[in-house]
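Pasted below: work.txt, compact mmCIF, C-alpha atoms and all ligand atoms.
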# COMPACT_ATOMS: atom_id res chain seq x y z
CA MET A 1030 103.72 122.61 98.75
CA ILE A 1031 102.82 118.93 98.30
CA SER A 1032 102.96 116.48 101.19
CA GLU A 1033 106.02 114.40 102.06
CA LYS A 1034 103.96 111.27 101.42
CA MET A 1035 103.17 112.34 97.86
CA LYS A 1036 106.75 113.27 96.91
CA PRO A 1037 107.99 109.72 96.15
CA LEU A 1038 104.80 109.06 94.19
CA VAL A 1039 105.39 112.11 92.03
CA ASN A 1040 109.02 111.15 91.51
CA ASN A 1041 108.15 107.59 90.50
CA ASN A 1042 105.08 108.53 88.48
CA SER A 1043 103.83 105.36 86.88
CA VAL A 1044 106.15 104.09 84.16
CA ILE A 1045 103.11 102.41 82.61
CA ARG A 1046 101.28 105.68 82.23
CA GLN A 1047 104.43 107.35 80.83
CA MET A 1048 104.69 104.54 78.28
CA PHE A 1049 101.07 105.06 77.32
CA GLU A 1050 101.72 108.75 76.73
CA GLU A 1051 104.86 107.88 74.76
CA GLY A 1052 102.68 105.60 72.61
CA GLN A 1053 100.34 108.49 71.85
CA ARG A 1054 103.31 110.65 70.85
CA LEU A 1055 104.82 107.96 68.60
CA ALA A 1056 101.42 107.34 67.00
CA LYS A 1057 101.25 111.00 66.00
CA GLU A 1058 104.76 110.86 64.56
CA PHE A 1059 104.67 107.48 62.74
CA GLY A 1060 100.94 106.76 62.39
CA ALA A 1061 98.99 104.59 64.85
CA GLU A 1062 99.32 101.47 62.65
CA ASN A 1063 103.13 101.65 62.89
CA VAL A 1064 103.30 101.80 66.69
CA PHE A 1065 102.99 98.59 68.69
CA ASP A 1066 101.87 99.60 72.12
CA PHE A 1067 101.85 96.71 74.60
CA SER A 1068 102.05 98.92 77.68
CA LEU A 1069 98.60 99.42 79.21
CA GLY A 1070 96.00 96.88 80.39
CA ASN A 1071 93.15 98.72 78.66
CA PRO A 1072 90.94 96.01 77.06
CA ASN A 1073 90.56 96.21 73.31
CA VAL A 1074 87.43 94.02 73.20
CA PRO A 1075 84.32 96.22 73.30
CA ALA A 1076 81.96 95.82 76.27
CA PRO A 1077 79.18 93.30 75.49
CA MET A 1078 76.21 94.77 73.56
CA GLU A 1079 73.88 93.95 76.44
CA ILE A 1080 75.73 96.52 78.58
CA ASN A 1081 74.92 99.30 76.10
CA GLU A 1082 71.36 98.07 75.74
CA ALA A 1083 70.93 98.04 79.52
CA ILE A 1084 72.29 101.60 79.80
CA ILE A 1085 69.83 102.84 77.17
CA ASP A 1086 66.92 101.00 78.73
CA ILE A 1087 67.74 102.19 82.26
CA ILE A 1088 68.11 105.85 81.33
CA SER A 1089 65.00 105.68 79.13
CA ASN A 1090 62.68 103.80 81.44
CA GLU A 1091 63.83 103.91 85.07
CA ASN A 1092 63.09 106.66 87.55
CA PRO A 1093 65.88 109.25 87.02
CA VAL A 1094 65.89 110.15 90.70
CA LYS A 1095 66.90 106.55 91.44
CA VAL A 1096 69.26 106.22 88.47
CA HIS A 1097 71.30 109.29 89.37
CA GLY A 1098 70.80 109.43 93.11
CA TYR A 1099 72.71 108.34 96.20
CA MET A 1100 71.89 104.98 97.66
CA SER A 1101 73.20 102.97 100.63
CA ASN A 1102 77.01 103.19 100.73
CA MET A 1103 77.04 99.41 100.20
CA GLY A 1104 75.22 99.77 96.88
CA PHE A 1105 71.79 98.86 95.52
CA PRO A 1106 70.38 95.76 97.28
CA GLU A 1107 69.22 94.19 93.99
CA THR A 1108 72.71 94.52 92.47
CA ARG A 1109 74.38 93.04 95.55
CA GLN A 1110 71.87 90.19 95.55
CA ALA A 1111 72.55 89.55 91.84
CA VAL A 1112 76.30 89.43 92.52
CA ALA A 1113 75.81 87.04 95.46
CA GLU A 1114 73.60 84.71 93.40
CA ASN A 1115 76.02 84.75 90.49
CA LEU A 1116 78.88 83.70 92.81
CA ASN A 1117 76.76 81.04 94.50
CA LYS A 1118 75.78 79.56 91.15
CA ARG A 1119 79.34 79.40 89.91
CA PHE A 1120 81.26 78.50 93.04
CA GLY A 1121 78.78 76.74 95.32
CA THR A 1122 79.08 79.46 97.98
CA ASP A 1123 76.18 80.73 100.09
CA PHE A 1124 76.49 84.51 99.96
CA ASP A 1125 73.61 86.96 100.13
CA LEU A 1126 73.49 90.72 99.62
CA ASN A 1127 74.91 91.34 103.10
CA ASN A 1128 78.23 89.83 102.02
CA ILE A 1129 78.65 92.21 99.09
CA ILE A 1130 79.71 95.87 98.92
CA MET A 1131 79.75 97.53 95.49
CA THR A 1132 82.92 99.57 94.84
CA VAL A 1133 84.61 101.91 92.38
CA GLY A 1134 86.54 99.08 90.67
CA ALA A 1135 89.19 96.85 92.21
CA GLY A 1136 91.47 99.78 92.98
CA SER A 1137 88.90 101.24 95.34
CA ALA A 1138 87.94 97.80 96.65
CA LEU A 1139 91.56 97.24 97.72
CA ASN A 1140 91.79 100.67 99.34
CA VAL A 1141 88.56 100.08 101.24
CA ILE A 1142 89.70 96.64 102.37
CA LEU A 1143 93.10 97.93 103.50
CA LYS A 1144 91.62 100.97 105.25
CA THR A 1145 89.25 98.66 107.11
CA MET A 1146 91.95 96.36 108.47
CA ILE A 1147 95.29 98.20 108.71
CA ASN A 1148 96.74 99.86 111.79
CA PRO A 1149 99.93 101.92 111.32
CA ASP A 1150 102.99 99.65 110.81
CA ASP A 1151 100.91 96.57 110.10
CA GLU A 1152 102.59 94.44 107.47
CA VAL A 1153 100.98 93.35 104.21
CA ILE A 1154 102.72 90.70 102.18
CA CYS A 1155 102.87 90.75 98.35
CA PHE A 1156 104.48 88.24 96.00
CA ALA A 1157 106.90 89.72 93.47
CA PRO A 1158 106.33 90.50 90.70
CA TYR A 1159 103.13 92.32 91.64
CA PHE A 1160 100.74 95.07 90.50
CA VAL A 1161 102.71 98.17 91.29
CA GLU A 1162 99.84 100.01 93.02
CA TYR A 1163 99.71 97.51 95.91
CA GLY A 1164 102.63 99.26 97.62
CA ASN A 1165 100.95 102.65 97.21
CA TYR A 1166 97.62 101.37 98.48
CA ILE A 1167 99.23 99.78 101.55
CA ARG A 1168 101.18 102.95 102.35
CA ASN A 1169 97.97 105.04 101.99
CA PHE A 1170 97.05 103.64 105.42
CA ASP A 1171 100.57 103.61 106.88
CA GLY A 1172 100.93 99.89 106.39
CA VAL A 1173 104.26 98.36 105.44
CA PRO A 1174 104.58 96.28 102.26
CA VAL A 1175 106.64 93.11 102.75
CA ILE A 1176 107.77 91.52 99.53
CA ILE A 1177 108.34 87.83 98.85
CA SER A 1178 110.92 87.52 96.08
CA ALA A 1179 110.01 86.29 92.61
CA ASN A 1180 110.29 82.59 91.86
CA PRO A 1181 111.24 82.27 88.18
CA GLU A 1182 112.59 78.74 88.56
CA GLY A 1183 109.33 77.69 90.23
CA GLY A 1184 107.07 79.07 87.49
CA PHE A 1185 106.43 82.27 89.49
CA MET A 1186 104.44 80.39 92.13
CA PRO A 1187 104.71 81.73 95.73
CA ARG A 1188 107.97 80.94 97.54
CA PHE A 1189 106.63 79.21 100.63
CA ASP A 1190 109.98 78.96 102.45
CA GLU A 1191 110.43 82.74 102.32
CA LEU A 1192 106.76 83.37 103.10
CA ARG A 1193 106.97 81.21 106.23
CA GLU A 1194 109.91 83.31 107.45
CA LYS A 1195 108.31 86.65 106.67
CA ILE A 1196 104.95 86.11 108.34
CA THR A 1197 105.21 87.75 111.75
CA ALA A 1198 102.90 88.88 114.55
CA ARG A 1199 102.66 92.15 112.57
CA THR A 1200 101.34 90.49 109.40
CA LYS A 1201 97.83 91.77 108.80
CA ALA A 1202 97.25 90.45 105.30
CA ILE A 1203 98.60 88.77 102.22
CA ILE A 1204 97.52 89.94 98.79
CA ILE A 1205 97.26 87.49 95.95
CA ASN A 1206 96.22 88.13 92.39
CA ASN A 1207 95.01 85.14 90.43
CA PRO A 1208 95.20 85.02 87.37
CA ASN A 1209 98.24 87.15 87.76
CA ASN A 1210 99.28 90.54 86.51
CA PRO A 1211 102.09 90.69 85.33
CA THR A 1212 103.09 87.02 84.91
CA GLY A 1213 99.91 85.55 83.37
CA VAL A 1214 100.20 82.45 85.60
CA ILE A 1215 97.34 80.91 87.60
CA TYR A 1216 97.96 79.50 91.07
CA PRO A 1217 96.39 76.03 91.09
CA GLU A 1218 94.34 74.54 93.92
CA SER A 1219 97.40 72.80 95.44
CA VAL A 1220 99.13 76.18 95.92
CA ILE A 1221 96.00 77.74 97.42
CA LYS A 1222 95.64 74.82 99.86
CA GLU A 1223 99.27 75.12 100.92
CA LEU A 1224 98.79 78.85 101.43
CA ALA A 1225 95.62 78.33 103.48
CA ASP A 1226 97.36 75.70 105.66
CA LEU A 1227 100.29 77.99 106.31
CA LEU A 1228 98.06 80.97 107.17
CA ASN A 1229 95.97 78.85 109.55
CA GLU A 1230 99.15 77.59 111.21
CA LYS A 1231 100.55 81.12 111.58
CA GLN A 1232 97.26 82.53 112.93
CA LYS A 1233 97.42 79.89 115.63
CA GLU A 1234 101.11 80.45 116.34
CA PHE A 1235 100.71 84.22 116.79
CA GLY A 1236 97.12 84.31 118.01
CA THR A 1237 96.36 86.89 115.30
CA VAL A 1238 94.01 87.26 112.35
CA ILE A 1239 95.79 87.16 109.00
CA TYR A 1240 93.60 88.13 106.06
CA LEU A 1241 94.00 86.76 102.58
CA ILE A 1242 93.06 89.54 100.17
CA SER A 1243 92.14 88.09 96.82
CA ASP A 1244 92.46 90.70 94.08
CA GLU A 1245 90.48 89.26 91.18
CA PRO A 1246 90.09 91.55 88.19
CA TYR A 1247 91.16 88.72 85.89
CA ARG A 1248 89.06 85.92 87.43
CA GLU A 1249 87.20 85.09 84.19
CA LEU A 1250 90.31 85.38 82.04
CA ALA A 1251 91.57 81.81 82.43
CA TYR A 1252 92.53 79.83 79.34
CA GLY A 1253 91.80 76.31 78.20
CA GLY A 1254 89.27 75.64 80.96
CA VAL A 1255 91.89 76.11 83.73
CA GLU A 1256 90.12 76.39 87.10
CA VAL A 1257 90.78 79.47 89.21
CA PRO A 1258 90.11 78.41 92.81
CA PHE A 1259 87.57 80.59 94.64
CA LEU A 1260 89.45 81.47 97.78
CA THR A 1261 86.70 81.88 100.37
CA LYS A 1262 86.19 78.13 100.09
CA TYR A 1263 89.75 77.43 101.22
CA TYR A 1264 90.41 80.02 103.90
CA ASP A 1265 87.87 81.67 106.22
CA ASN A 1266 89.60 85.03 106.54
CA THR A 1267 89.53 85.71 102.82
CA ILE A 1268 88.27 89.07 101.56
CA VAL A 1269 87.70 89.32 97.80
CA GLY A 1270 88.10 92.45 95.69
CA TYR A 1271 86.62 92.12 92.22
CA SER A 1272 86.35 94.36 89.17
CA PHE A 1273 84.39 94.39 85.92
CA SER A 1274 87.14 96.51 84.31
CA LYS A 1275 88.73 93.61 82.45
CA SER A 1276 86.07 90.88 82.30
CA LEU A 1277 83.45 93.19 80.75
CA SER A 1278 85.84 95.81 79.32
CA LEU A 1279 84.54 98.60 81.57
CA PRO A 1280 87.72 100.08 83.09
CA GLY A 1281 86.59 103.69 82.69
CA GLU A 1282 83.22 103.02 84.30
CA ARG A 1283 84.82 102.12 87.66
CA ILE A 1284 82.71 99.28 88.94
CA GLY A 1285 83.57 96.32 91.13
CA TYR A 1286 82.72 94.77 94.49
CA ILE A 1287 84.04 93.36 97.75
CA VAL A 1288 83.00 89.99 99.19
CA ILE A 1289 83.14 89.62 102.98
CA PRO A 1290 82.18 86.03 103.87
CA LYS A 1291 80.30 85.45 107.10
CA GLU A 1292 82.99 82.98 108.21
CA SER A 1293 85.62 85.73 108.27
CA ASP A 1294 86.68 87.30 111.55
CA ASP A 1295 84.09 89.73 113.00
CA ALA A 1296 82.37 89.71 109.61
CA GLU A 1297 79.50 91.98 110.58
CA GLU A 1298 81.68 94.63 112.16
CA PHE A 1299 84.15 94.36 109.27
CA THR A 1300 81.32 94.86 106.75
CA GLU A 1301 80.04 97.90 108.60
CA ALA A 1302 83.54 99.37 108.79
CA ALA A 1303 84.21 98.65 105.10
CA THR A 1304 80.95 100.40 104.17
CA ILE A 1305 82.10 103.45 106.13
CA ALA A 1306 85.55 103.16 104.54
CA ASN A 1307 83.85 103.27 101.13
CA ARG A 1308 82.30 106.57 102.20
CA VAL A 1309 85.25 108.22 103.94
CA THR A 1310 87.79 107.35 101.24
CA GLY A 1311 85.59 109.60 99.10
CA SER A 1312 84.05 107.04 96.78
CA VAL A 1313 80.81 107.25 98.84
CA ASN A 1314 79.23 104.56 96.66
CA ALA A 1315 79.97 102.81 93.39
CA PRO A 1316 78.61 104.57 90.27
CA SER A 1317 74.85 104.30 90.39
CA LEU A 1318 74.12 103.72 86.68
CA MET A 1319 76.78 101.04 86.44
CA GLN A 1320 75.42 99.26 89.51
CA LEU A 1321 72.02 99.07 87.83
CA VAL A 1322 73.66 97.80 84.62
CA ILE A 1323 75.60 95.12 86.48
CA GLY A 1324 72.41 94.09 88.30
CA ARG A 1325 70.94 93.24 84.91
CA CYS A 1326 74.06 92.00 83.09
CA ILE A 1327 75.77 89.97 85.80
CA ASP A 1328 75.79 86.89 83.55
CA ALA A 1329 77.31 88.73 80.55
CA ARG A 1330 80.13 86.74 78.99
CA CYS A 1331 83.76 87.73 79.01
CA GLU A 1332 85.46 87.21 75.62
CA VAL A 1333 88.27 85.11 77.00
CA GLU A 1334 88.93 83.37 73.66
CA TYR A 1335 89.98 86.67 72.12
CA TYR A 1336 92.74 87.16 74.67
CA GLU A 1337 93.69 83.50 74.57
CA ARG A 1338 94.32 83.70 70.82
CA ASN A 1339 96.34 86.91 71.22
CA GLY A 1340 98.41 85.39 74.01
CA LYS A 1341 99.07 82.16 72.15
CA THR A 1342 100.05 83.96 68.94
CA LEU A 1343 102.44 86.30 70.70
CA TYR A 1344 103.92 83.61 72.96
CA GLU A 1345 104.59 81.19 70.10
CA ALA A 1346 106.02 83.82 67.77
CA LEU A 1347 108.33 85.39 70.35
CA THR A 1348 109.48 82.03 71.69
CA ASN A 1349 110.32 80.91 68.13
CA MET A 1350 112.36 84.07 67.65
CA GLY A 1351 114.50 83.15 70.68
CA PHE A 1352 112.85 85.16 73.45
CA SER A 1353 112.14 83.36 76.70
CA CYS A 1354 108.56 83.90 77.90
CA VAL A 1355 106.25 82.50 80.58
CA GLU A 1356 103.40 80.72 78.78
CA PRO A 1357 100.27 82.70 79.67
CA GLN A 1358 97.50 80.75 81.41
CA GLY A 1359 95.25 83.74 81.99
CA ALA A 1360 94.85 87.54 82.34
CA PHE A 1361 96.26 89.27 79.25
CA TYR A 1362 99.94 89.73 79.95
CA LEU A 1363 103.06 88.10 78.57
CA TRP A 1364 105.98 88.05 81.00
CA MET A 1365 109.20 87.90 79.03
CA LYS A 1366 112.80 87.59 80.16
CA SER A 1367 114.87 90.52 79.00
CA PRO A 1368 117.61 89.32 76.62
CA GLU A 1369 120.01 91.73 78.31
CA PRO A 1370 120.49 92.07 82.08
CA ASP A 1371 119.15 95.63 82.28
CA GLU A 1372 115.57 95.32 81.11
CA LYS A 1373 115.20 99.09 80.95
CA ALA A 1374 117.87 99.16 78.24
CA PHE A 1375 115.94 96.43 76.42
CA VAL A 1376 112.70 98.44 76.69
CA ALA A 1377 114.55 101.48 75.27
CA LYS A 1378 115.92 99.32 72.43
CA ALA A 1379 112.42 97.99 71.65
CA LYS A 1380 111.15 101.56 71.47
CA GLU A 1381 113.54 102.17 68.57
CA TYR A 1382 111.35 99.61 66.74
CA ASN A 1383 108.18 101.37 67.91
CA ILE A 1384 107.44 98.51 70.29
CA LEU A 1385 106.32 99.65 73.73
CA MET A 1386 106.48 97.37 76.76
CA VAL A 1387 106.85 97.92 80.49
CA PRO A 1388 110.08 97.16 82.39
CA GLY A 1389 109.65 94.44 84.99
CA SER A 1390 111.16 96.64 87.71
CA SER A 1391 107.82 98.50 87.66
CA PHE A 1392 106.39 95.28 89.13
CA ALA A 1393 109.33 94.48 91.41
CA GLY A 1394 110.42 92.02 88.73
CA PRO A 1395 113.69 93.34 87.26
CA GLY A 1396 115.22 91.40 84.39
CA TYR A 1397 111.79 90.89 82.81
CA VAL A 1398 109.37 92.93 80.74
CA ARG A 1399 105.57 92.86 80.54
CA LEU A 1400 103.67 92.89 77.28
CA SER A 1401 100.01 93.66 77.60
CA TYR A 1402 98.23 91.89 74.73
CA CYS A 1403 94.70 93.21 75.24
CA VAL A 1404 95.18 94.82 71.83
CA SER A 1405 93.76 93.98 68.41
CA TYR A 1406 94.86 90.71 66.82
CA GLU A 1407 95.92 92.79 63.81
CA GLN A 1408 98.31 94.79 65.98
CA ILE A 1409 99.92 91.58 67.13
CA GLN A 1410 100.30 90.33 63.56
CA ARG A 1411 101.66 93.65 62.33
CA SER A 1412 104.13 93.81 65.22
CA LEU A 1413 105.77 90.43 64.52
CA PRO A 1414 108.16 91.62 61.74
CA LYS A 1415 109.32 94.38 64.09
CA PHE A 1416 109.89 91.84 66.88
CA GLU A 1417 111.90 89.79 64.32
CA GLU A 1418 114.14 92.81 63.76
CA LEU A 1419 114.47 93.33 67.51
CA ALA A 1420 115.30 89.65 68.04
CA LYS A 1421 118.15 89.91 65.50
CA VAL A 1422 119.84 92.45 67.75
CA TYR A 1423 120.15 89.78 70.47
CA PHE A 1424 120.11 86.27 68.99
N1 LIG B 1 94.54 94.77 90.48
C1 LIG B 1 95.25 94.40 89.41
C2 LIG B 1 96.14 93.21 89.52
C3 LIG B 1 95.18 95.11 88.21
O1 LIG B 1 95.91 94.72 87.16
C4 LIG B 1 94.34 96.25 88.15
C5 LIG B 1 94.25 97.06 86.94
O2 LIG B 1 94.99 96.92 86.00
C6 LIG B 1 93.60 96.59 89.29
C7 LIG B 1 93.73 95.84 90.43
C8 LIG B 1 92.70 97.78 89.31
O3 LIG B 1 91.57 97.56 88.55
P1 LIG B 1 90.34 98.57 88.51
O4 LIG B 1 90.32 99.16 87.13
O5 LIG B 1 89.14 97.74 88.73
O6 LIG B 1 90.54 99.57 89.58

Is it possible to give me this structure as structure tokens?
Amino acid sequence: MISEKMKPLVNNNSVIRQMFEEGQRLAKEFGAENVFDFSLGNPNVPAPMEINEAIIDIISNENPVKVHGYMSNMGFPETRQAVAENLNKRFGTDFDLNNIIMTVGAGSALNVILKTMINPDDEVICFAPYFVEYGNYIRNFDGVPVIISANPEGGFMPRFDELREKITARTKAIIINNPNNPTGVIYPESVIKELADLLNEKQKEFGTVIYLISDEPYRELAYGGVEVPFLTKYYDNTIVGYSFSKSLSLPGERIGYIVIPKESDDAEEFTEAATIANRVTGSVNAPSLMQLVIGRCIDARCEVEYYERNGKTLYEALTNMGFSCVEPQGAFYLWMKSPEPDEKAFVAKAKEYNILMVPGSSFAGPGYVRLSYCVSYEQIQRSLPKFEELAKVYF
């Protein structure tokens, strides 16, 4: 008999995953080239060559006992130092290895961060629409997700009036994701400053610590030279969760890290607790081989131009057909208004044209759909006549 806590998860089993499986089924029936699957954020760009070269070199030349062994739960010191130096070089910070914990991707980073800070019934604020797993991660530790409603008229920026009302003495953290999944927008520096000011004001008012959790798997995926502010520079109690899943196309390898700045509240104790949380949540440590690879390839380039071209092509084509979309500034998602009020009906209609997308209600954003364009450029081009047919149903 499964637990009460798991029952709702089983009942709401990820729509995105179901879509992915549906895509596989349709591909068998119609041929992969005739199915236009925009459901999953699984990067289509191959990992940089230097990653493969590093793997081969490490397994050929390094001591296998080290390569495949346990290490400190925080990760290899040389990898953590490489991460710290990379951040310092790019953002003018002053981290060292003691500020970095290697993790099993961003998913695990978030779970470790939340386990470290949450007491039962603590509130964690998320801005709709948001990555659907946040709610599950928060509830893993008996926290309570508090949702700030979406702000379509304000370009999906945070609604500060509602945020101000919803921060209480129980607020433990706020999660932001910049560049954003699912909207593709980037919060500019002015928004981050306003957020930092409000959090500082509320910490004072309640005499509490309110963490800003910065979930950053898409940090490098910012288009046209748009700056993504590095949050530890704006707000002391920022904890960063990062992933190489998207930037280096390594989602199956499960590698990321946490940054705990020394300015944050009780930083040393927090770091020690997060290291233990890494262990007791069962990850123990981030994958050893991948840590060694990242230590060597920390400066590897993310192919942001590839996604930028995909996003631009899809945005322009769909907008010209009459669909209303948010112009993507980063990540690799197009957030599109459903042309009928029930976006699930629209998603079902699109499936009749072998186009797969995810209903916005999966991100607490009903009335919209998400198209994940980390696919081949050819798929985008081949899909456009089908989108034309779909558009004719509505416009
Ligand atoms: N956070 C966001 C916003 C994501 O979109 C994803 C993955 O799609 C994750 C976290 C989890 O990433 P990872 O593969 O590193 O666990």

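Between atom CA of A:Asp1328 and atom CA of A:Arg1248 lies a distance of 13.9 Å.
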
### Message
I want to know what sits within 12 Å of A:Pro1414, based on all atoms listed in the file, with residues of the same chain fewer than 3 positions away left out; could you give that as number ranges by chain?
### Response
A: 1063, 1065, 1343, 1346-1347, 1350, 1382-1384, 1408-1411, 1417-1421

### Task
For ligand LIG 1 (chain B), list the contacting residues at 6 Å or closer, counting all atoms listed in the file, as JSON, numbers by chain.
{"A": [1070, 1134, 1135, 1136, 1160, 1206, 1210, 1244, 1246, 1272, 1274, 1280]}

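Distances from A:Lys1366, A:Arg1119, A:Lys1233, A:Arg1199 to A:Gly1351 were compared using all atoms listed in the file, and the smallest one belongs to A:Lys1366.
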
### Task
Measuring atom to atom with all atoms listed in the file, identify which of A:Leu1116, A:Ile1154, A:Val1173, A:Ile1196 is nearest to A:Phe1259.
A:Leu1116

### Query
Between A:Leu1227, A:Ala1303, A:Leu1363, A:Met1030, which has the minimum distance to A:Asn1128 (counting only C-alpha atoms)?
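Among the listed residues, the smallest separation from A:Asn1128 belongs to A:Ala1303.
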
### Contacts of A:Pro1316 within 12 Å, all atoms listed in the file, excl. fewer than 5 positions in-chain, as a PyMOL selection string
chain A and resi 1095-1105+1108+1131-1134+1137+1281-1286+1321-1323

### Task
Mind listing whatever residues come within 6 Å of the point (96.8, 89.9, 99.1)? Use only C-alpha atoms, file coordinates, and give them as a list in words.
Ile1203, Ile1204, Ile1205, Leu1241, Ile1242 and Ser1243 of chain A

If we count all atoms listed in the file and set the cut-off at 10 Å, which residues sit around stretch 1037-1054 of chain A, ignoring sequence neighbours fewer than 2 positions away in its own chain? Please answer as a PDB file with C-alpha atoms, keeping the file's coordinate frame.
ATOM      1  CA  ILE A1031     102.820 118.930  98.300  1.00  0.00           C
ATOM      2  CA  SER A1032     102.960 116.480 101.190  1.00  0.00           C
ATOM      3  CA  GLU A1033     106.020 114.400 102.060  1.00  0.00           C
ATOM      4  CA  LYS A1034     103.960 111.270 101.420  1.00  0.00           C
ATOM      5  CA  MET A1035     103.170 112.340  97.860  1.00  0.00           C
ATOM      6  CA  ALA A1056     101.420 107.340  67.000  1.00  0.00           C
ATOM      7  CA  LYS A1057     101.250 111.000  66.000  1.00  0.00           C
ATOM      8  CA  GLU A1058     104.760 110.860  64.560  1.00  0.00           C
ATOM      9  CA  PHE A1059     104.670 107.480  62.740  1.00  0.00           C
ATOM     10  CA  GLY A1060     100.940 106.760  62.390  1.00  0.00           C
ATOM     11  CA  ALA A1061      98.990 104.590  64.850  1.00  0.00           C
ATOM     12  CA  VAL A1064     103.300 101.800  66.690  1.00  0.00           C
ATOM     13  CA  PHE A1065     102.990  98.590  68.690  1.00  0.00           C
ATOM     14  CA  ASP A1066     101.870  99.600  72.120  1.00  0.00           C
ATOM     15  CA  PHE A1067     101.850  96.710  74.600  1.00  0.00           C
ATOM     16  CA  SER A1068     102.050  98.920  77.680  1.00  0.00           C
ATOM     17  CA  LEU A1069      98.600  99.420  79.210  1.00  0.00           C
ATOM     18  CA  GLY A1070      96.000  96.880  80.390  1.00  0.00           C
ATOM     19  CA  VAL A1161     102.710  98.170  91.290  1.00  0.00           C
ATOM     20  CA  GLU A1162      99.840 100.010  93.020  1.00  0.00           C
ATOM     21  CA  ASN A1165     100.950 102.650  97.210  1.00  0.00           C
ATOM     22  CA  LYS A1380     111.150 101.560  71.470  1.00  0.00           C
ATOM     23  CA  ASN A1383     108.180 101.370  67.910  1.00  0.00           C
ATOM     24  CA  ILE A1384     107.440  98.510  70.290  1.00  0.00           C
ATOM     25  CA  LEU A1385     106.320  99.650  73.730  1.00  0.00           C
ATOM     26  CA  MET A1386     106.480  97.370  76.760  1.00  0.00           C
ATOM     27  CA  VAL A1387     106.850  97.920  80.490  1.00  0.00           C
ATOM     28  CA  PRO A1388     110.080  97.160  82.390  1.00  0.00           C
ATOM     29  CA  SER A1390     111.160  96.640  87.710  1.00  0.00           C
ATOM     30  CA  SER A1391     107.820  98.500  87.660  1.00  0.00           C
TER      31      SER A1391
END

### Query
What does the distance between atom CA of A:Val1255 and atom CA of A:Glu1223 come to in Å, to one decimal place?
18.7 Å

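When atom CA of A:Asp1151 is paired with atom CA of A:Ala1202, their separation reads 8.6 Å.
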
### Task
Mind checking which residues fall within 8 Å of A:Leu1250, counting only C-alpha atoms, ignoring those fewer than 4 positions away in the same chain, and posting them as a ChimeraX atom specification?
/A:1208,1276,1331,1333,1336,1359-1361

Write a file of the selected residues as a JSON list (two decimals), in the frame of the given file, keeping C-alpha atoms.
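File written: part34.json
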[["chain", "number", "residue", "atom", "x", "y", "z"],
["A", 1208, "PRO", "CA", 95.20, 85.02, 87.37],
["A", 1276, "SER", "CA", 86.07, 90.88, 82.30],
["A", 1331, "CYS", "CA", 83.76, 87.73, 79.01],
["A", 1333, "VAL", "CA", 88.27, 85.11, 77.00],
["A", 1336, "TYR", "CA", 92.74, 87.16, 74.67],
["A", 1359, "GLY", "CA", 95.25, 83.74, 81.99],
["A", 1360, "ALA", "CA", 94.85, 87.54, 82.34],
["A", 1361, "PHE", "CA", 96.26, 89.27, 79.25]]

Box for stretch 1044-1056 of chain A: with edges along x, y and z, all listed atoms inside and 8 Å added on each side, what are the centre and edge lengths in Å to one decimal, as JSON?
{"center_x": 103.2, "center_y": 106.5, "center_z": 75.6, "size_x": 21.8, "size_y": 24.2, "size_z": 33.2}

#### Entry: Option closest in space to A:Asn1115, from A:Gly1396, A:Ala1329, A:Ala1076, A:Glu1356 [counting only C-alpha atoms]
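Smallest distance to A:Asn1115 is found for A:Ala1329.
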
List the neighbours of A:Ile1215 out to 12 Å using all atoms listed in the file; skip same-chain residues closer than 2 positions along the sequence, and give me the result as a compact mmCIF listing (two decimals) with C-alpha atoms, keeping the file's coordinate frame.
# COMPACT_ATOMS: atom_id res chain seq x y z
CA GLY A 1184 107.07 79.07 87.49
CA PHE A 1185 106.43 82.27 89.49
CA MET A 1186 104.44 80.39 92.13
CA PRO A 1187 104.71 81.73 95.73
CA ILE A 1205 97.26 87.49 95.95
CA ASN A 1206 96.22 88.13 92.39
CA ASN A 1207 95.01 85.14 90.43
CA PRO A 1208 95.20 85.02 87.37
CA ASN A 1209 98.24 87.15 87.76
CA ASN A 1210 99.28 90.54 86.51
CA PRO A 1211 102.09 90.69 85.33
CA THR A 1212 103.09 87.02 84.91
CA GLY A 1213 99.91 85.55 83.37
CA PRO A 1217 96.39 76.03 91.09
CA GLU A 1218 94.34 74.54 93.92
CA SER A 1219 97.40 72.80 95.44
CA VAL A 1220 99.13 76.18 95.92
CA ILE A 1221 96.00 77.74 97.42
CA GLU A 1245 90.48 89.26 91.18
CA TYR A 1247 91.16 88.72 85.89
CA ARG A 1248 89.06 85.92 87.43
CA GLU A 1249 87.20 85.09 84.19
CA LEU A 1250 90.31 85.38 82.04
CA ALA A 1251 91.57 81.81 82.43
CA TYR A 1252 92.53 79.83 79.34
CA GLY A 1253 91.80 76.31 78.20
CA GLY A 1254 89.27 75.64 80.96
CA VAL A 1255 91.89 76.11 83.73
CA GLU A 1256 90.12 76.39 87.10
CA VAL A 1257 90.78 79.47 89.21
CA PRO A 1258 90.11 78.41 92.81
CA VAL A 1355 106.25 82.50 80.58
CA GLU A 1356 103.40 80.72 78.78
CA PRO A 1357 100.27 82.70 79.67
CA GLN A 1358 97.50 80.75 81.41
CA GLY A 1359 95.25 83.74 81.99
CA ALA A 1360 94.85 87.54 82.34
CA PHE A 1361 96.26 89.27 79.25
CA TYR A 1362 99.94 89.73 79.95

### Query
Between A:Glu1292, A:Asp1226, A:Glu1372, A:Glu1345, which is the closest to A:Phe1124 once you count all atoms listed in the file?
A:Glu1292

### Task
Can you work out which one of A:Phe1170, A:Leu1400, A:Met1078, A:Asn1127 has the shortest atom-to-atom distance to A:Leu1139, counting only C-alpha atoms?
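Among A:Phe1170, A:Leu1400, A:Met1078, A:Asn1127, it is A:Phe1170 that comes nearest to A:Leu1139.
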